[in-house]
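Following: one structure in structure tokens, then a few remarks.
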Amino acid sequence: MAGTSDPHGSAFSAAELEFLAEDEMIEIVPNLRMDPLNFISGDFGPFRPQIAAQAPLWLAVALKKRGKCTIRAPEWMSVDKLSQVLEAERDSEKFQPLPFHYVEISRLLFDHARDDIPDIYMVRSLIEDIKDVRFHKIGKGLEIISKERTYALRLKNLSAMEANIVRPFVTRALETFYKLGSSDMIQETDHAPNRQPQATNRGPRRQLKDR
Amino acid sequence: MSNYYDIDDILAEEELVPSVFQHAANGVGLFDSSDDTDKVEAGSRAELPFWLVRELYLRQLISIRVPPCFDRESKTREEIAADAAHVDLRSRSQYFYELGCKIALLIGDRTIGPFLLVAFRTRYKDVLVKAHTLTLTTAPKYLTLLTNEETKLYEAGQSSIAAFKKWRMGGPRFQIAPVLGRKRKPT
């Protein structure tokens, strides 16, 4: 589970997340005839020319590279949907629901299936914008850790990549806050060496964004 | 948090703490090397590393004078209260927080804990912002103000952002397994 590529203890590297994202299902329109494929993760197909089928992203990309299919951009990747999300993201304090791997999926599709996505320039810049807005929100949200005693953060609708990027920083910061804010440090200290550890009041959980 | 093998925990205990000998001690002249008698008089002052101070203090052989950066009427406290983010804590003590915790627990000074927490709270915000915005060229100037703990935090934030940017820019998409790089043996 632990990432091998990053010495700073983040659980995954970006490339590993991309690998995980390749298991997401996506709709493809094959132009070849192929019997069902039986994999450990399940059976995919049968594939018939011009008949849409579901396939995992890695299979879709592999077929696409060989020119054997076109990929149908997922519903959330349309200009309409994305502009709605961007609008809502700017207006509201909450994070909008997007696919857990939206950063990785969009990157994979932009790399390998640019001709299959309608309005690719628009879509690409919208996703960039959404990502920037969300990162800004995360940065703002993380400031609240310092205001009160915080032991946990609730990360509703945060995507895999976003969570992964803030993970090393947040865990380290929380650890230090916990150490400095522990009852040993703040309340009455008596230095009897074999004191029973007190059950600490763990305090309420903080939301990353107040809502 | 403190792990037996944690190198930072070990290094933090190397920090010097000013202390006063309560009793005369023979054979330890190196602490107070003013003459050849090879002894330390009662009441003489010396700076000892924390690991030694703890043992001697628990045996009541020495008394601890709180290091200037944690002292109640020190300049550091005033500076932290004024603008914590720009205080050069690294020059005070590289292991400011770790040492502070250890000393506070040892001598039971209840004012040090909240003081450390306030200092870290204010400085945390600054580290947070800087870790996500600063470029590598402007960073070194800022890093000289941070203690060891804060530097680690900063680097944790900085490196994950950098890794993400690198991934997004592309670059080599495939890494060749070291096994595959080898040449086949001519047969």
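Just remember, in the structure tokens the first chain shown is A, the second B, etc., residues are 1-based per chain, and ligands are 1-based in the order shown.
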
If you take only C-alpha atoms and a cut-off of 9 Å, which residues of chain B touch chain A, and what are their nearest atom pairs and distances in Å to one decimal, in chain and number order, as a Markdown table?
```
| residue | atom | partner | partner_atom | distance |
| --- | --- | --- | --- | --- |
| B:Met1 | CA | A:Lys179 | CA | 7.5 |
| B:Tyr97 | CA | A:Leu180 | CA | 7.9 |
| B:Cys101 | CA | A:Met185 | CA | 7.0 |
| B:Ala104 | CA | A:Met185 | CA | 7.2 |
| B:Leu105 | CA | A:His191 | CA | 6.6 |
| B:Leu106 | CA | A:His191 | CA | 6.4 |
| B:Ile107 | CA | A:His191 | CA | 7.5 |
| B:Gly108 | CA | A:Thr189 | CA | 5.4 |
| B:Asp109 | CA | A:Thr189 | CA | 7.6 |
| B:Arg110 | CA | A:Glu188 | CA | 6.6 |
| B:Thr111 | CA | A:Ile186 | CA | 8.1 |
| B:Ile112 | CA | A:Met185 | CA | 7.9 |
| B:Gly113 | CA | A:Met185 | CA | 4.8 |
| B:Pro114 | CA | A:Ile186 | CA | 5.9 |
| B:Leu116 | CA | A:Leu180 | CA | 6.8 |
| B:Leu117 | CA | A:Leu180 | CA | 5.6 |
| B:Phe120 | CA | A:Phe177 | CA | 7.8 |
| B:Arg121 | CA | A:Ser146 | CA | 5.1 |
| B:Thr122 | CA | A:Ser146 | CA | 7.4 |
| B:Tyr124 | CA | A:Ser146 | CA | 7.0 |
| B:Lys125 | CA | A:Glu143 | CA | 6.0 |
| B:Leu128 | CA | A:Gly139 | CA | 7.5 |
| B:Val129 | CA | A:Gly139 | CA | 7.4 |
| B:His132 | CA | A:Gly139 | CA | 8.1 |
| B:Glu149 | CA | A:Thr176 | CA | 8.3 |
| B:Glu150 | CA | A:Ala173 | CA | 8.9 |
| B:Lys152 | CA | A:Arg172 | CA | 8.3 |
| B:Leu153 | CA | A:Phe169 | CA | 5.8 |
| B:Tyr154 | CA | A:Phe169 | CA | 7.4 |
| B:Glu155 | CA | A:Phe169 | CA | 8.2 |
| B:Ala156 | CA | A:Phe169 | CA | 5.2 |
| B:Gly157 | CA | A:Phe169 | CA | 4.8 |
| B:Gln158 | CA | A:Phe169 | CA | 8.5 |
| B:Ser159 | CA | A:His8 | CA | 7.8 |
| B:Ser160 | CA | A:Ile165 | CA | 5.3 |
| B:Ile161 | CA | A:Ile165 | CA | 6.3 |
| B:Ala163 | CA | A:Ala14 | CA | 7.1 |
| B:Phe164 | CA | A:Ala14 | CA | 6.2 |
| B:Lys166 | CA | A:Ala14 | CA | 9.0 |
| B:Trp167 | CA | A:Ala14 | CA | 6.3 |
| B:Arg168 | CA | A:Arg107 | CA | 7.6 |
| B:Arg173 | CA | A:Ala15 | CA | 8.7 |
```

Item to check | Surrounding residues of Lys131 (chain A) excluding itself and chain neighbours under 5 positions, 12 Å, only C-alpha atoms, as a ChimeraX atom specification | outcome: /A:82,85-86,89-90,95-96,98,102-104,106,124-126,136-138,158-159,161-162

Checklist entry - A:Ile105, A:Ala113, A:Ala163, A:Leu59: which is nearest Ala21 (chain A), counting only C-alpha atoms? => result A:Ile105

Checklist outcome for this item: Computed gap from CA of Val79 (chain A) to CA of Arg66 (chain A) is 27.7 Å

Next on the checklist: Using DSSP assignments from the backbone, pull out every residue in region 45-93 of chain A that falls under alpha helix (DSSP H) and give it to me as JSON, numbers by chain.
Outcome noted: {"A": [57, 58, 59, 60, 61, 62, 63, 64, 65, 79, 80, 81, 82, 83, 84, 85, 86, 87, 88, 89, 90, 91]}

Find the residues around Val66 (chain B) up to 8 Å (only C-alpha atoms counted), leave out those fewer than 5 positions away in its own chain, and share them as a PDB file with all heavy atoms, in the first residue's frame.
```pdb
ATOM      1  N   VAL B  17      20.982  23.060  28.091  1.00  0.00           N
ATOM      2  CA  VAL B  17      20.092  23.703  29.048  1.00  0.00           C
ATOM      3  C   VAL B  17      20.955  24.277  30.165  1.00  0.00           C
ATOM      4  O   VAL B  17      21.763  23.558  30.747  1.00  0.00           O
ATOM      5  CB  VAL B  17      19.104  22.668  29.638  1.00  0.00           C
ATOM      6  CG1 VAL B  17      18.208  23.332  30.663  1.00  0.00           C
ATOM      7  CG2 VAL B  17      18.292  22.021  28.559  1.00  0.00           C
ATOM      8  N   PRO B  18      20.803  25.556  30.467  1.00  0.00           N
ATOM      9  CA  PRO B  18      21.592  26.131  31.550  1.00  0.00           C
ATOM     10  C   PRO B  18      21.138  25.574  32.896  1.00  0.00           C
ATOM     11  O   PRO B  18      19.948  25.470  33.155  1.00  0.00           O
ATOM     12  CB  PRO B  18      21.316  27.641  31.463  1.00  0.00           C
ATOM     13  CG  PRO B  18      20.148  27.788  30.589  1.00  0.00           C
ATOM     14  CD  PRO B  18      19.951  26.547  29.813  1.00  0.00           C
ATOM     15  N   ASP B  71      11.727  31.341  28.814  1.00  0.00           N
ATOM     16  CA  ASP B  71      11.567  32.030  30.078  1.00  0.00           C
ATOM     17  C   ASP B  71      10.357  32.965  30.059  1.00  0.00           C
ATOM     18  O   ASP B  71       9.962  33.463  29.029  1.00  0.00           O
ATOM     19  CB  ASP B  71      12.839  32.838  30.384  1.00  0.00           C
ATOM     20  CG  ASP B  71      12.970  33.086  31.856  1.00  0.00           C
ATOM     21  OD1 ASP B  71      12.278  32.376  32.613  1.00  0.00           O
ATOM     22  OD2 ASP B  71      13.750  33.971  32.241  1.00  0.00           O
ATOM     23  N   ILE B 103      11.107  20.039  28.551  1.00  0.00           N
ATOM     24  CA  ILE B 103      11.420  20.840  29.737  1.00  0.00           C
ATOM     25  C   ILE B 103      10.165  21.122  30.553  1.00  0.00           C
ATOM     26  O   ILE B 103      10.164  21.013  31.782  1.00  0.00           O
ATOM     27  CB  ILE B 103      12.116  22.150  29.314  1.00  0.00           C
ATOM     28  CG1 ILE B 103      13.540  21.844  28.874  1.00  0.00           C
ATOM     29  CG2 ILE B 103      12.114  23.155  30.458  1.00  0.00           C
ATOM     30  CD1 ILE B 103      14.380  23.026  28.620  1.00  0.00           C
TER      31      ILE B 103
END
```

For Pro36 (chain A), find every residue with an atom within 10 Å (counting only C-alpha atoms), except residues of its own chain fewer than 3 positions away, and show them as a short mmCIF file (atom, residue, chain, number, x, y, z; two decimals) with C-alpha atoms, in the first residue's frame.
```cif
data_model
loop_
_atom_site.label_atom_id
_atom_site.label_comp_id
_atom_site.auth_asym_id
_atom_site.auth_seq_id
_atom_site.Cartn_x
_atom_site.Cartn_y
_atom_site.Cartn_z
CA ARG A 33 -15.95 -7.66 -32.95
CA PHE A 39 -10.81 -10.97 -16.03
CA ASP A 43 -16.29 -9.86 -17.47
CA PHE A 44 -16.30 -7.12 -20.08
CA GLY A 45 -17.93 -7.22 -23.43
CA PRO A 46 -18.93 -8.72 -25.77
CA PHE A 47 -17.87 -5.93 -28.09
#
```

Checklist entry - How would you write, as a count of residues only, the set of residues in chain A that DSSP gives as strand (DSSP E)? => result 24

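The residue that comes closest to Pro99 (chain A), out of A:Met25, A:Ile71, A:Ala152, A:Ala55 and on the basis of only C-alpha atoms, is A:Met25.
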
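Rounded to one decimal, CA of Val53 (chain B) and CA of Arg77 (chain B) lie 23.4 Å from each other.
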
Checklist entry - Near Gln60 (chain B), counting only C-alpha atoms, which residues have an atom at most 12 Å away, once you skip same-chain residues fewer than 3 positions from it, shown as a list in words? => result Ser19, Val20, Phe21, Gln22, His23, Val53, Arg54, Glu55, Leu56, Tyr57, Ser63, Ile64 and Ile107 of chain B

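CA of Tyr95 (chain B) is positioned 9.5 Å from CA of Glu14 (chain B).
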